[in-house]
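Peer 1: Dropping in coords_14.cif, with mmCIF, N, CA and C atoms.
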data_run
loop_
_atom_site.label_atom_id
_atom_site.label_comp_id
_atom_site.auth_asym_id
_atom_site.auth_seq_id
_atom_site.Cartn_x
_atom_site.Cartn_y
_atom_site.Cartn_z
N MET A 24 2.40 2.52 -5.51
CA MET A 24 2.51 2.12 -6.89
C MET A 24 3.90 2.42 -7.43
N ARG A 25 4.45 3.52 -6.98
CA ARG A 25 5.79 3.88 -7.43
C ARG A 25 6.79 2.81 -7.01
N LEU A 26 6.71 2.37 -5.76
CA LEU A 26 7.63 1.34 -5.28
C LEU A 26 7.41 0.02 -6.02
N LEU A 27 6.17 -0.34 -6.26
CA LEU A 27 5.88 -1.56 -7.02
C LEU A 27 6.51 -1.50 -8.41
N SER A 28 6.48 -0.33 -9.03
CA SER A 28 7.06 -0.20 -10.38
C SER A 28 8.57 -0.40 -10.35
N TRP A 29 9.20 -0.24 -9.20
CA TRP A 29 10.64 -0.45 -9.08
C TRP A 29 11.00 -1.91 -8.85
N CYS A 30 10.03 -2.75 -8.59
CA CYS A 30 10.27 -4.15 -8.25
C CYS A 30 10.09 -5.02 -9.49
N SER A 31 11.14 -5.76 -9.83
CA SER A 31 11.02 -6.69 -10.96
C SER A 31 10.23 -7.91 -10.51
N ASP A 32 9.75 -8.68 -11.47
CA ASP A 32 9.02 -9.90 -11.13
C ASP A 32 9.91 -10.88 -10.38
N GLU A 33 11.20 -10.88 -10.70
CA GLU A 33 12.11 -11.82 -10.06
C GLU A 33 12.32 -11.54 -8.57
N CYS A 34 12.07 -10.31 -8.12
CA CYS A 34 12.30 -10.00 -6.71
C CYS A 34 11.04 -10.15 -5.84
N MET A 35 9.93 -10.56 -6.42
CA MET A 35 8.69 -10.65 -5.65
C MET A 35 8.76 -11.67 -4.51
N GLY A 36 9.65 -12.63 -4.61
CA GLY A 36 9.82 -13.62 -3.54
C GLY A 36 10.87 -13.24 -2.51
N ASP A 37 11.54 -12.09 -2.70
CA ASP A 37 12.56 -11.64 -1.75
C ASP A 37 11.95 -11.41 -0.38
N LYS A 38 12.73 -11.76 0.67
CA LYS A 38 12.31 -11.54 2.05
C LYS A 38 13.40 -10.78 2.79
N PRO A 39 13.00 -9.98 3.79
CA PRO A 39 14.01 -9.29 4.61
C PRO A 39 14.44 -10.17 5.78
N GLY A 40 14.91 -11.38 5.51
CA GLY A 40 15.18 -12.35 6.58
C GLY A 40 13.87 -13.01 6.95
N GLN A 41 13.42 -12.81 8.17
CA GLN A 41 12.10 -13.28 8.59
C GLN A 41 11.04 -12.36 8.02
N GLY A 42 9.82 -12.81 7.95
CA GLY A 42 8.73 -11.92 7.56
C GLY A 42 8.18 -12.19 6.18
N LYS A 43 7.43 -11.22 5.70
CA LYS A 43 6.71 -11.34 4.43
C LYS A 43 7.65 -11.12 3.25
N THR A 44 7.30 -11.74 2.13
CA THR A 44 8.01 -11.48 0.88
C THR A 44 7.61 -10.10 0.37
N VAL A 45 8.30 -9.64 -0.67
CA VAL A 45 7.91 -8.38 -1.31
C VAL A 45 6.46 -8.47 -1.76
N ARG A 46 6.10 -9.57 -2.44
CA ARG A 46 4.71 -9.77 -2.87
C ARG A 46 3.78 -9.79 -1.67
N GLY A 47 4.18 -10.48 -0.61
CA GLY A 47 3.36 -10.57 0.60
C GLY A 47 3.10 -9.22 1.23
N ASN A 48 4.09 -8.34 1.21
CA ASN A 48 3.89 -7.00 1.76
C ASN A 48 2.91 -6.19 0.93
N PHE A 49 3.02 -6.28 -0.39
CA PHE A 49 2.07 -5.55 -1.24
C PHE A 49 0.65 -6.10 -1.08
N THR A 50 0.50 -7.42 -1.01
CA THR A 50 -0.85 -7.97 -0.82
C THR A 50 -1.39 -7.59 0.55
N HIS A 51 -0.51 -7.57 1.56
CA HIS A 51 -0.94 -7.18 2.90
C HIS A 51 -1.48 -5.75 2.89
N LEU A 52 -0.79 -4.84 2.22
CA LEU A 52 -1.26 -3.45 2.17
C LEU A 52 -2.64 -3.36 1.55
N SER A 53 -2.84 -4.05 0.43
CA SER A 53 -4.15 -4.03 -0.22
C SER A 53 -5.21 -4.66 0.67
N ASN A 54 -4.91 -5.80 1.25
CA ASN A 54 -5.90 -6.51 2.06
C ASN A 54 -6.25 -5.76 3.35
N VAL A 55 -5.28 -5.11 3.96
CA VAL A 55 -5.56 -4.35 5.18
C VAL A 55 -6.39 -3.10 4.86
N ARG A 56 -6.08 -2.43 3.76
CA ARG A 56 -6.91 -1.29 3.35
C ARG A 56 -8.35 -1.75 3.15
N ARG A 57 -8.52 -2.89 2.51
CA ARG A 57 -9.86 -3.46 2.28
C ARG A 57 -10.55 -3.73 3.61
N MET A 58 -9.82 -4.30 4.56
CA MET A 58 -10.37 -4.59 5.88
C MET A 58 -10.81 -3.31 6.59
N TRP A 59 -9.96 -2.28 6.57
CA TRP A 59 -10.31 -1.02 7.22
C TRP A 59 -11.56 -0.43 6.59
N ALA A 60 -11.61 -0.43 5.26
CA ALA A 60 -12.76 0.14 4.55
C ALA A 60 -14.03 -0.66 4.85
N LYS A 61 -13.89 -1.96 4.91
CA LYS A 61 -15.06 -2.82 5.16
C LYS A 61 -15.70 -2.49 6.51
N GLU A 62 -14.87 -2.16 7.48
CA GLU A 62 -15.38 -1.83 8.82
C GLU A 62 -16.31 -0.63 8.78
N LYS A 63 -15.99 0.37 7.98
CA LYS A 63 -16.77 1.61 7.94
C LYS A 63 -17.72 1.68 6.74
N LEU A 64 -17.31 1.12 5.61
CA LEU A 64 -18.08 1.27 4.37
C LEU A 64 -18.90 0.03 4.02
N GLY A 65 -18.71 -1.05 4.73
CA GLY A 65 -19.50 -2.26 4.52
C GLY A 65 -19.29 -2.91 3.17
N LYS A 66 -20.39 -3.20 2.50
CA LYS A 66 -20.37 -3.98 1.26
C LYS A 66 -19.58 -3.32 0.14
N THR A 67 -19.43 -2.02 0.18
CA THR A 67 -18.65 -1.34 -0.85
C THR A 67 -17.25 -1.93 -0.93
N ALA A 68 -16.66 -2.23 0.23
CA ALA A 68 -15.30 -2.77 0.26
C ALA A 68 -15.23 -4.22 -0.19
N GLU A 69 -16.33 -4.94 -0.07
CA GLU A 69 -16.33 -6.35 -0.44
C GLU A 69 -16.19 -6.57 -1.93
N SER A 70 -16.42 -5.53 -2.73
CA SER A 70 -16.27 -5.66 -4.17
C SER A 70 -14.81 -5.80 -4.58
N VAL A 71 -13.89 -5.42 -3.69
CA VAL A 71 -12.46 -5.56 -3.96
C VAL A 71 -12.02 -6.96 -3.53
N VAL A 72 -11.37 -7.66 -4.43
CA VAL A 72 -10.94 -9.02 -4.18
C VAL A 72 -9.78 -9.04 -3.18
N LYS A 73 -9.84 -9.97 -2.23
CA LYS A 73 -8.74 -10.18 -1.31
C LYS A 73 -7.63 -10.90 -2.07
N LEU A 74 -6.41 -10.39 -1.96
CA LEU A 74 -5.28 -10.94 -2.71
C LEU A 74 -4.59 -12.07 -1.95
N ASP A 75 -4.08 -13.04 -2.69
CA ASP A 75 -3.32 -14.14 -2.10
C ASP A 75 -1.85 -13.76 -2.08
N ARG A 76 -1.23 -13.85 -0.93
CA ARG A 76 0.16 -13.40 -0.77
C ARG A 76 1.16 -14.24 -1.55
N GLN A 77 0.78 -15.44 -1.94
CA GLN A 77 1.71 -16.31 -2.66
C GLN A 77 1.50 -16.31 -4.18
N THR A 78 0.29 -16.00 -4.61
CA THR A 78 0.00 -16.15 -6.04
C THR A 78 -0.39 -14.86 -6.76
N ALA A 79 -0.53 -13.77 -6.05
CA ALA A 79 -0.94 -12.51 -6.69
C ALA A 79 0.08 -12.11 -7.76
N THR A 80 -0.42 -11.77 -8.92
CA THR A 80 0.44 -11.31 -10.02
C THR A 80 0.63 -9.80 -9.91
N ARG A 81 1.52 -9.27 -10.71
CA ARG A 81 1.72 -7.82 -10.75
C ARG A 81 0.41 -7.11 -11.11
N THR A 82 -0.32 -7.66 -12.06
CA THR A 82 -1.61 -7.09 -12.45
C THR A 82 -2.57 -7.10 -11.27
N ASP A 83 -2.61 -8.20 -10.53
CA ASP A 83 -3.46 -8.29 -9.33
C ASP A 83 -3.07 -7.22 -8.32
N LEU A 84 -1.76 -7.04 -8.11
CA LEU A 84 -1.28 -6.06 -7.14
C LEU A 84 -1.66 -4.64 -7.57
N VAL A 85 -1.45 -4.32 -8.83
CA VAL A 85 -1.78 -2.99 -9.33
C VAL A 85 -3.28 -2.74 -9.16
N GLU A 86 -4.09 -3.71 -9.56
CA GLU A 86 -5.54 -3.56 -9.45
C GLU A 86 -5.97 -3.44 -7.99
N GLY A 87 -5.43 -4.30 -7.14
CA GLY A 87 -5.80 -4.26 -5.72
C GLY A 87 -5.40 -2.96 -5.05
N LEU A 88 -4.18 -2.50 -5.30
CA LEU A 88 -3.72 -1.26 -4.69
C LEU A 88 -4.48 -0.05 -5.24
N THR A 89 -4.81 -0.08 -6.52
CA THR A 89 -5.58 1.02 -7.12
C THR A 89 -6.98 1.07 -6.52
N GLN A 90 -7.65 -0.07 -6.47
CA GLN A 90 -9.01 -0.12 -5.94
C GLN A 90 -9.04 0.25 -4.45
N THR A 91 -8.07 -0.25 -3.69
CA THR A 91 -8.09 0.05 -2.26
C THR A 91 -7.66 1.49 -1.97
N SER A 92 -6.89 2.08 -2.88
CA SER A 92 -6.58 3.50 -2.74
C SER A 92 -7.86 4.32 -2.84
N LYS A 93 -8.71 3.96 -3.78
CA LYS A 93 -10.00 4.65 -3.93
C LYS A 93 -10.90 4.40 -2.71
N LEU A 94 -10.84 3.19 -2.17
CA LEU A 94 -11.60 2.90 -0.95
C LEU A 94 -11.11 3.77 0.22
N MET A 95 -9.80 3.94 0.29
CA MET A 95 -9.24 4.76 1.38
C MET A 95 -9.72 6.20 1.25
N GLU A 96 -9.80 6.72 0.05
CA GLU A 96 -10.33 8.07 -0.15
C GLU A 96 -11.75 8.16 0.39
N ARG A 97 -12.57 7.18 0.07
CA ARG A 97 -13.96 7.16 0.56
C ARG A 97 -14.00 7.01 2.07
N LEU A 98 -13.09 6.21 2.60
CA LEU A 98 -13.03 6.02 4.05
C LEU A 98 -12.65 7.32 4.76
N PHE A 99 -11.69 8.06 4.21
CA PHE A 99 -11.31 9.34 4.81
C PHE A 99 -12.50 10.30 4.84
N VAL A 100 -13.25 10.35 3.76
CA VAL A 100 -14.44 11.21 3.70
C VAL A 100 -15.45 10.77 4.75
N ALA A 101 -15.68 9.47 4.86
CA ALA A 101 -16.64 8.94 5.84
C ALA A 101 -16.20 9.24 7.27
N LEU A 102 -14.91 9.12 7.54
CA LEU A 102 -14.42 9.41 8.90
C LEU A 102 -14.50 10.90 9.22
N GLN A 103 -14.31 11.74 8.21
CA GLN A 103 -14.45 13.18 8.43
C GLN A 103 -15.90 13.52 8.77
N ALA A 104 -16.83 12.89 8.05
CA ALA A 104 -18.26 13.18 8.25
C ALA A 104 -18.79 12.60 9.55
N LYS A 105 -18.33 11.38 9.88
CA LYS A 105 -18.86 10.71 11.07
C LYS A 105 -17.79 9.81 11.68
N PRO A 106 -16.98 10.39 12.58
CA PRO A 106 -15.95 9.57 13.22
C PRO A 106 -16.58 8.45 14.05
N GLY A 107 -15.88 7.36 14.14
CA GLY A 107 -16.29 6.25 15.00
C GLY A 107 -15.19 6.05 16.02
N ARG A 108 -14.68 4.83 16.10
CA ARG A 108 -13.56 4.59 17.02
C ARG A 108 -12.30 5.28 16.52
N TRP A 109 -12.28 5.62 15.22
CA TRP A 109 -11.18 6.37 14.62
C TRP A 109 -11.67 7.77 14.26
N THR A 110 -10.86 8.77 14.58
CA THR A 110 -11.08 10.10 14.01
C THR A 110 -10.23 10.16 12.73
N LEU A 111 -10.53 11.09 11.85
CA LEU A 111 -9.76 11.18 10.62
C LEU A 111 -8.27 11.42 10.88
N PRO A 112 -7.88 12.39 11.73
CA PRO A 112 -6.44 12.60 11.94
C PRO A 112 -5.74 11.37 12.54
N LEU A 113 -6.38 10.71 13.48
CA LEU A 113 -5.79 9.52 14.09
C LEU A 113 -5.63 8.41 13.06
N PHE A 114 -6.66 8.17 12.28
CA PHE A 114 -6.59 7.10 11.28
C PHE A 114 -5.59 7.42 10.19
N LEU A 115 -5.54 8.67 9.76
CA LEU A 115 -4.57 9.06 8.73
C LEU A 115 -3.15 8.81 9.23
N ALA A 116 -2.85 9.22 10.46
CA ALA A 116 -1.52 9.00 11.02
C ALA A 116 -1.21 7.51 11.12
N TYR A 117 -2.18 6.74 11.59
CA TYR A 117 -1.98 5.31 11.73
C TYR A 117 -1.74 4.65 10.37
N SER A 118 -2.54 4.99 9.37
CA SER A 118 -2.40 4.34 8.07
C SER A 118 -1.09 4.71 7.38
N VAL A 119 -0.64 5.96 7.52
CA VAL A 119 0.65 6.35 6.94
C VAL A 119 1.78 5.58 7.62
N ALA A 120 1.73 5.48 8.94
CA ALA A 120 2.77 4.74 9.67
C ALA A 120 2.77 3.25 9.28
N HIS A 121 1.60 2.67 9.18
CA HIS A 121 1.50 1.25 8.81
C HIS A 121 2.06 1.01 7.41
N GLU A 122 1.67 1.85 6.46
CA GLU A 122 2.15 1.65 5.10
C GLU A 122 3.65 1.91 4.98
N GLU A 123 4.16 2.87 5.71
CA GLU A 123 5.61 3.13 5.66
C GLU A 123 6.38 1.96 6.23
N ASN A 124 5.87 1.33 7.28
CA ASN A 124 6.53 0.15 7.85
C ASN A 124 6.68 -0.93 6.77
N HIS A 125 5.64 -1.15 5.99
CA HIS A 125 5.72 -2.19 4.96
C HIS A 125 6.55 -1.76 3.76
N ARG A 126 6.55 -0.48 3.41
CA ARG A 126 7.45 -0.01 2.35
C ARG A 126 8.91 -0.22 2.79
N SER A 127 9.19 0.03 4.05
CA SER A 127 10.55 -0.19 4.56
C SER A 127 10.93 -1.66 4.51
N GLN A 128 9.98 -2.54 4.84
CA GLN A 128 10.26 -3.98 4.74
C GLN A 128 10.57 -4.38 3.30
N ILE A 129 9.83 -3.80 2.37
CA ILE A 129 10.06 -4.10 0.95
C ILE A 129 11.45 -3.63 0.53
N LEU A 130 11.79 -2.39 0.87
CA LEU A 130 13.11 -1.86 0.50
C LEU A 130 14.23 -2.67 1.14
N THR A 131 14.05 -3.08 2.40
CA THR A 131 15.06 -3.90 3.07
C THR A 131 15.21 -5.24 2.37
N ALA A 132 14.09 -5.87 2.02
CA ALA A 132 14.14 -7.16 1.31
C ALA A 132 14.88 -7.02 -0.02
N LEU A 133 14.60 -5.95 -0.75
CA LEU A 133 15.27 -5.74 -2.03
C LEU A 133 16.78 -5.62 -1.83
N ARG A 134 17.19 -4.81 -0.86
CA ARG A 134 18.62 -4.59 -0.63
C ARG A 134 19.33 -5.87 -0.18
N ILE A 135 18.75 -6.56 0.78
CA ILE A 135 19.36 -7.78 1.32
C ILE A 135 19.56 -8.82 0.23
N ASN A 136 18.66 -8.84 -0.72
CA ASN A 136 18.70 -9.85 -1.77
C ASN A 136 19.35 -9.37 -3.06
N GLY A 137 20.07 -8.24 -2.97
CA GLY A 137 20.84 -7.75 -4.12
C GLY A 137 20.02 -7.09 -5.21
N HIS A 138 18.83 -6.60 -4.86
CA HIS A 138 17.98 -5.91 -5.83
C HIS A 138 17.80 -4.44 -5.44
N GLU A 139 18.92 -3.79 -5.20
CA GLU A 139 18.91 -2.37 -4.82
C GLU A 139 18.15 -1.56 -5.86
N PRO A 140 17.13 -0.79 -5.42
CA PRO A 140 16.41 0.04 -6.40
C PRO A 140 17.36 1.03 -7.07
N GLU A 141 17.17 1.23 -8.37
CA GLU A 141 18.02 2.16 -9.11
C GLU A 141 17.72 3.60 -8.73
N ARG A 142 16.55 3.83 -8.18
CA ARG A 142 16.14 5.18 -7.81
C ARG A 142 16.19 5.31 -6.29
N SER A 143 16.31 6.52 -5.83
CA SER A 143 16.39 6.78 -4.40
C SER A 143 15.02 6.64 -3.75
N GLU A 144 14.99 5.98 -2.59
CA GLU A 144 13.71 5.86 -1.88
C GLU A 144 13.20 7.22 -1.42
N MET A 145 14.06 8.23 -1.45
CA MET A 145 13.60 9.57 -1.10
C MET A 145 12.54 10.05 -2.08
N GLU A 146 12.55 9.50 -3.30
CA GLU A 146 11.52 9.86 -4.27
C GLU A 146 10.13 9.46 -3.78
N LEU A 147 10.07 8.46 -2.89
CA LEU A 147 8.77 8.04 -2.34
C LEU A 147 8.19 9.12 -1.43
N TRP A 148 9.05 10.02 -0.94
CA TRP A 148 8.60 11.06 -0.01
C TRP A 148 8.63 12.45 -0.64
N ASP A 149 8.89 12.55 -1.93
CA ASP A 149 8.95 13.84 -2.60
C ASP A 149 7.54 14.27 -3.01
N TRP A 150 6.72 14.50 -2.01
CA TRP A 150 5.30 14.76 -2.22
C TRP A 150 5.01 15.97 -3.10
N PRO A 151 5.75 17.08 -3.01
CA PRO A 151 5.45 18.20 -3.91
C PRO A 151 5.57 17.79 -5.39
N ASN A 152 6.62 17.05 -5.73
CA ASN A 152 6.77 16.63 -7.13
C ASN A 152 5.79 15.53 -7.50
N ILE A 153 5.46 14.66 -6.57
CA ILE A 153 4.46 13.62 -6.85
C ILE A 153 3.12 14.29 -7.13
N CYS A 154 2.74 15.26 -6.30
CA CYS A 154 1.47 15.96 -6.50
C CYS A 154 1.46 16.72 -7.82
N LYS A 155 2.61 17.33 -8.16
CA LYS A 155 2.70 18.05 -9.42
C LYS A 155 2.51 17.09 -10.60
N ALA A 156 3.16 15.92 -10.52
CA ALA A 156 3.03 14.92 -11.59
C ALA A 156 1.60 14.42 -11.71
N LEU A 157 0.90 14.33 -10.59
CA LEU A 157 -0.49 13.88 -10.61
C LEU A 157 -1.47 15.03 -10.82
N ARG A 158 -0.91 16.23 -10.97
CA ARG A 158 -1.70 17.46 -11.15
C ARG A 158 -2.63 17.72 -9.97
N LEU A 159 -2.09 17.49 -8.75
CA LEU A 159 -2.86 17.73 -7.53
C LEU A 159 -2.52 19.06 -6.89
N SER A 160 -1.53 19.75 -7.41
CA SER A 160 -1.16 21.03 -6.80
C SER A 160 -1.37 22.17 -7.77
#
Please express what this file holds, its structure, as structure tokens.

Peer 2:
Amino acid sequence: MRLLSWCSDECMGDKPGQGKTVRGNFTHLSNVRRMWAKEKLGKTAESVVKLDRQTATRTDLVEGLTQTSKLMERLFVALQAKPGRWTLPLFLAYSVAHEENHRSQILTALRINGHEPERSEMELWDWPNICKALRLS
């Protein structure tokens, strides 16, 4: 959500050369989270709308990412209670790596297209301060 807040509406069509647009990367993150949750949580995940990579609005992206973040929390709890093909540590590592790959694609697209974020991407990894701001610590 922090990275999305740094992206203006005009940069949503930016691409890092080949690949997905900024909008496409955000929709992909939401849709893949939904897919992962659907595998373990079933119909609960189906209540979240699948986003269209070409037409999703900022509101759609915020709603999709918010809803799928909550699904991921439920998925982590379910994997802790009853692992399947994924254990919780394996899935957590995989999902962090997957999401970081797409955040990097978004940042690259912004830079290549002259939309350098005004803030440092290191803020995306400043977890102690993020947790403090969210009152998680």

Peer 1: Mind telling me what the PyMOL selection byres (((chain A and resi 74 and name CA) around 6) and name CA) catches here, as an mmCIF file with N, CA and C atoms, in the frame of the given file?

Peer 2:
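Saved to result.cif:
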data_model
loop_
_atom_site.group_PDB
_atom_site.id
_atom_site.type_symbol
_atom_site.label_atom_id
_atom_site.label_comp_id
_atom_site.auth_asym_id
_atom_site.auth_seq_id
_atom_site.Cartn_x
_atom_site.Cartn_y
_atom_site.Cartn_z
ATOM 1 N N THR A 50 0.500 -7.420 -1.010
ATOM 2 C CA THR A 50 -0.850 -7.970 -0.820
ATOM 3 C C THR A 50 -1.390 -7.590 0.550
ATOM 4 N N LYS A 73 -9.840 -9.970 -2.230
ATOM 5 C CA LYS A 73 -8.740 -10.180 -1.310
ATOM 6 C C LYS A 73 -7.630 -10.900 -2.070
ATOM 7 N N ASP A 75 -4.080 -13.040 -2.690
ATOM 8 C CA ASP A 75 -3.320 -14.140 -2.100
ATOM 9 C C ASP A 75 -1.850 -13.760 -2.080
#

Peer 1: Could you state which residues are captured by the PyMOL selection byres (((chain A and resi 52-60 and name CA) around 7) and name CA) in this file, as an mmCIF file with N, CA and C atoms, in the coordinates of the input?

Peer 2:
data_model
loop_
_atom_site.group_PDB
_atom_site.id
_atom_site.type_symbol
_atom_site.label_atom_id
_atom_site.label_comp_id
_atom_site.auth_asym_id
_atom_site.auth_seq_id
_atom_site.Cartn_x
_atom_site.Cartn_y
_atom_site.Cartn_z
ATOM 1 N N ASN A 48 4.090 -8.340 1.210
ATOM 2 C CA ASN A 48 3.890 -7.000 1.760
ATOM 3 C C ASN A 48 2.910 -6.190 0.930
ATOM 4 N N PHE A 49 3.020 -6.280 -0.390
ATOM 5 C CA PHE A 49 2.070 -5.550 -1.240
ATOM 6 C C PHE A 49 0.650 -6.100 -1.080
ATOM 7 N N THR A 50 0.500 -7.420 -1.010
ATOM 8 C CA THR A 50 -0.850 -7.970 -0.820
ATOM 9 C C THR A 50 -1.390 -7.590 0.550
ATOM 10 N N HIS A 51 -0.510 -7.570 1.560
ATOM 11 C CA HIS A 51 -0.940 -7.180 2.900
ATOM 12 C C HIS A 51 -1.480 -5.750 2.890
ATOM 13 N N LYS A 61 -13.890 -1.960 4.910
ATOM 14 C CA LYS A 61 -15.060 -2.820 5.160
ATOM 15 C C LYS A 61 -15.700 -2.490 6.510
ATOM 16 N N GLU A 62 -14.870 -2.160 7.480
ATOM 17 C CA GLU A 62 -15.380 -1.830 8.820
ATOM 18 C C GLU A 62 -16.310 -0.630 8.780
ATOM 19 N N LYS A 63 -15.990 0.370 7.980
ATOM 20 C CA LYS A 63 -16.770 1.610 7.940
ATOM 21 C C LYS A 63 -17.720 1.680 6.740
ATOM 22 N N LEU A 64 -17.310 1.120 5.610
ATOM 23 C CA LEU A 64 -18.080 1.270 4.370
ATOM 24 C C LEU A 64 -18.900 0.030 4.020
ATOM 25 N N ALA A 68 -16.660 -2.230 0.230
ATOM 26 C CA ALA A 68 -15.300 -2.770 0.260
ATOM 27 C C ALA A 68 -15.230 -4.220 -0.190
ATOM 28 N N LYS A 73 -9.840 -9.970 -2.230
ATOM 29 C CA LYS A 73 -8.740 -10.180 -1.310
ATOM 30 C C LYS A 73 -7.630 -10.900 -2.070
ATOM 31 N N LEU A 74 -6.410 -10.390 -1.960
ATOM 32 C CA LEU A 74 -5.280 -10.940 -2.710
ATOM 33 C C LEU A 74 -4.590 -12.070 -1.950
ATOM 34 N N GLY A 87 -5.430 -4.300 -7.140
ATOM 35 C CA GLY A 87 -5.800 -4.260 -5.720
ATOM 36 C C GLY A 87 -5.400 -2.960 -5.050
ATOM 37 N N LEU A 88 -4.180 -2.500 -5.300
ATOM 38 C CA LEU A 88 -3.720 -1.260 -4.690
ATOM 39 C C LEU A 88 -4.480 -0.050 -5.240
ATOM 40 N N THR A 91 -8.070 -0.250 -3.690
ATOM 41 C CA THR A 91 -8.090 0.050 -2.260
ATOM 42 C C THR A 91 -7.660 1.490 -1.970
ATOM 43 N N LEU A 94 -10.840 3.190 -2.170
ATOM 44 C CA LEU A 94 -11.600 2.900 -0.950
ATOM 45 C C LEU A 94 -11.110 3.770 0.220
ATOM 46 N N MET A 95 -9.800 3.940 0.290
ATOM 47 C CA MET A 95 -9.240 4.760 1.380
ATOM 48 C C MET A 95 -9.720 6.200 1.250
ATOM 49 N N LEU A 98 -13.090 6.210 2.600
ATOM 50 C CA LEU A 98 -13.030 6.020 4.050
ATOM 51 C C LEU A 98 -12.650 7.320 4.760
ATOM 52 N N GLU A 122 1.670 1.850 6.460
ATOM 53 C CA GLU A 122 2.150 1.650 5.100
ATOM 54 C C GLU A 122 3.650 1.910 4.980
#

Peer 1: Tell me, in Å to one decimal, how far atom CA of Cys30 of chain A is from atom CA of Asp149 of chain A.

Peer 2: 18.9 Å

Peer 1: Which polymer residues, whether protein, DNA or RNA, lie within 9 Å of the coordinate (4.7, -9.4, -4.8) when you count only C-alpha atoms? List them as a PyMOL selection string, using the chain letters and numbers from the file.

Peer 2: chain A and resi 27+30+32+34-37+44-50+76-81+84

Peer 1: Given the file shown, determine the residues that the PyMOL selection byres ((chain A and resi 135-141) around 7) selects; report them as a VMD selection string.

Peer 2: chain A and resid 29 37 to 39 130 to 134 142 to 143

Peer 1: Save the residues we just selected, N, CA and C atoms, as a PDB file, in the frame of the given file?

Peer 2:
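The resulting file, out.pdb, is shown below:
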ATOM      1  N   TRP A  29       9.200  -0.240  -9.200  1.00  0.00           N
ATOM      2  CA  TRP A  29      10.640  -0.450  -9.080  1.00  0.00           C
ATOM      3  C   TRP A  29      11.000  -1.910  -8.850  1.00  0.00           C
ATOM      4  N   ASP A  37      11.540 -12.090  -2.700  1.00  0.00           N
ATOM      5  CA  ASP A  37      12.560 -11.640  -1.750  1.00  0.00           C
ATOM      6  C   ASP A  37      11.950 -11.410  -0.380  1.00  0.00           C
ATOM      7  N   LYS A  38      12.730 -11.760   0.670  1.00  0.00           N
ATOM      8  CA  LYS A  38      12.310 -11.540   2.050  1.00  0.00           C
ATOM      9  C   LYS A  38      13.400 -10.780   2.790  1.00  0.00           C
ATOM     10  N   PRO A  39      13.000  -9.980   3.790  1.00  0.00           N
ATOM     11  CA  PRO A  39      14.010  -9.290   4.610  1.00  0.00           C
ATOM     12  C   PRO A  39      14.440 -10.170   5.780  1.00  0.00           C
ATOM     13  N   LEU A 130      11.790  -2.390   0.870  1.00  0.00           N
ATOM     14  CA  LEU A 130      13.110  -1.860   0.500  1.00  0.00           C
ATOM     15  C   LEU A 130      14.230  -2.670   1.140  1.00  0.00           C
ATOM     16  N   THR A 131      14.050  -3.080   2.400  1.00  0.00           N
ATOM     17  CA  THR A 131      15.060  -3.900   3.070  1.00  0.00           C
ATOM     18  C   THR A 131      15.210  -5.240   2.370  1.00  0.00           C
ATOM     19  N   ALA A 132      14.090  -5.870   2.020  1.00  0.00           N
ATOM     20  CA  ALA A 132      14.140  -7.160   1.310  1.00  0.00           C
ATOM     21  C   ALA A 132      14.880  -7.020  -0.020  1.00  0.00           C
ATOM     22  N   LEU A 133      14.600  -5.950  -0.750  1.00  0.00           N
ATOM     23  CA  LEU A 133      15.270  -5.740  -2.030  1.00  0.00           C
ATOM     24  C   LEU A 133      16.780  -5.620  -1.830  1.00  0.00           C
ATOM     25  N   ARG A 134      17.190  -4.810  -0.860  1.00  0.00           N
ATOM     26  CA  ARG A 134      18.620  -4.590  -0.630  1.00  0.00           C
ATOM     27  C   ARG A 134      19.330  -5.870  -0.180  1.00  0.00           C
ATOM     28  N   ARG A 142      16.550   3.830  -8.180  1.00  0.00           N
ATOM     29  CA  ARG A 142      16.140   5.180  -7.810  1.00  0.00           C
ATOM     30  C   ARG A 142      16.190   5.310  -6.290  1.00  0.00           C
ATOM     31  N   SER A 143      16.310   6.520  -5.830  1.00  0.00           N
ATOM     32  CA  SER A 143      16.390   6.780  -4.400  1.00  0.00           C
ATOM     33  C   SER A 143      15.020   6.640  -3.750  1.00  0.00           C
TER      34      SER A 143
END

Peer 1: Find the axis-aligned box for segment 48-62 of chain A, covering all its listed atoms and adding 3 Å on each side, and write its centre and edge lengths in Å to one decimal as AutoDock Vina command-line options.

Peer 2:
--center_x -6.1 --center_y -4.1 --center_z 3.8 --size_x 26.4 --size_y 14.5 --size_z 16.1

Peer 1: For atom CA of Gln41 of chain A and atom CA of Val71 of chain A, quote the distance in Å rounded to one decimal.

Peer 2: 28.6 Å

Peer 1: Between atom C of Lys105 of chain A and atom N of Lys93 of chain A, what is the distance in Å, rounded to a tenth?

Peer 2: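 Calculated distance between atom C of Lys105 of chain A and atom N of Lys93 of chain A is 18.9 Å.
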
Peer 1: How would you write, as a count of residues only, the set of residues in chain A that DSSP gives as alpha helix (DSSP H)?

Peer 2: 85
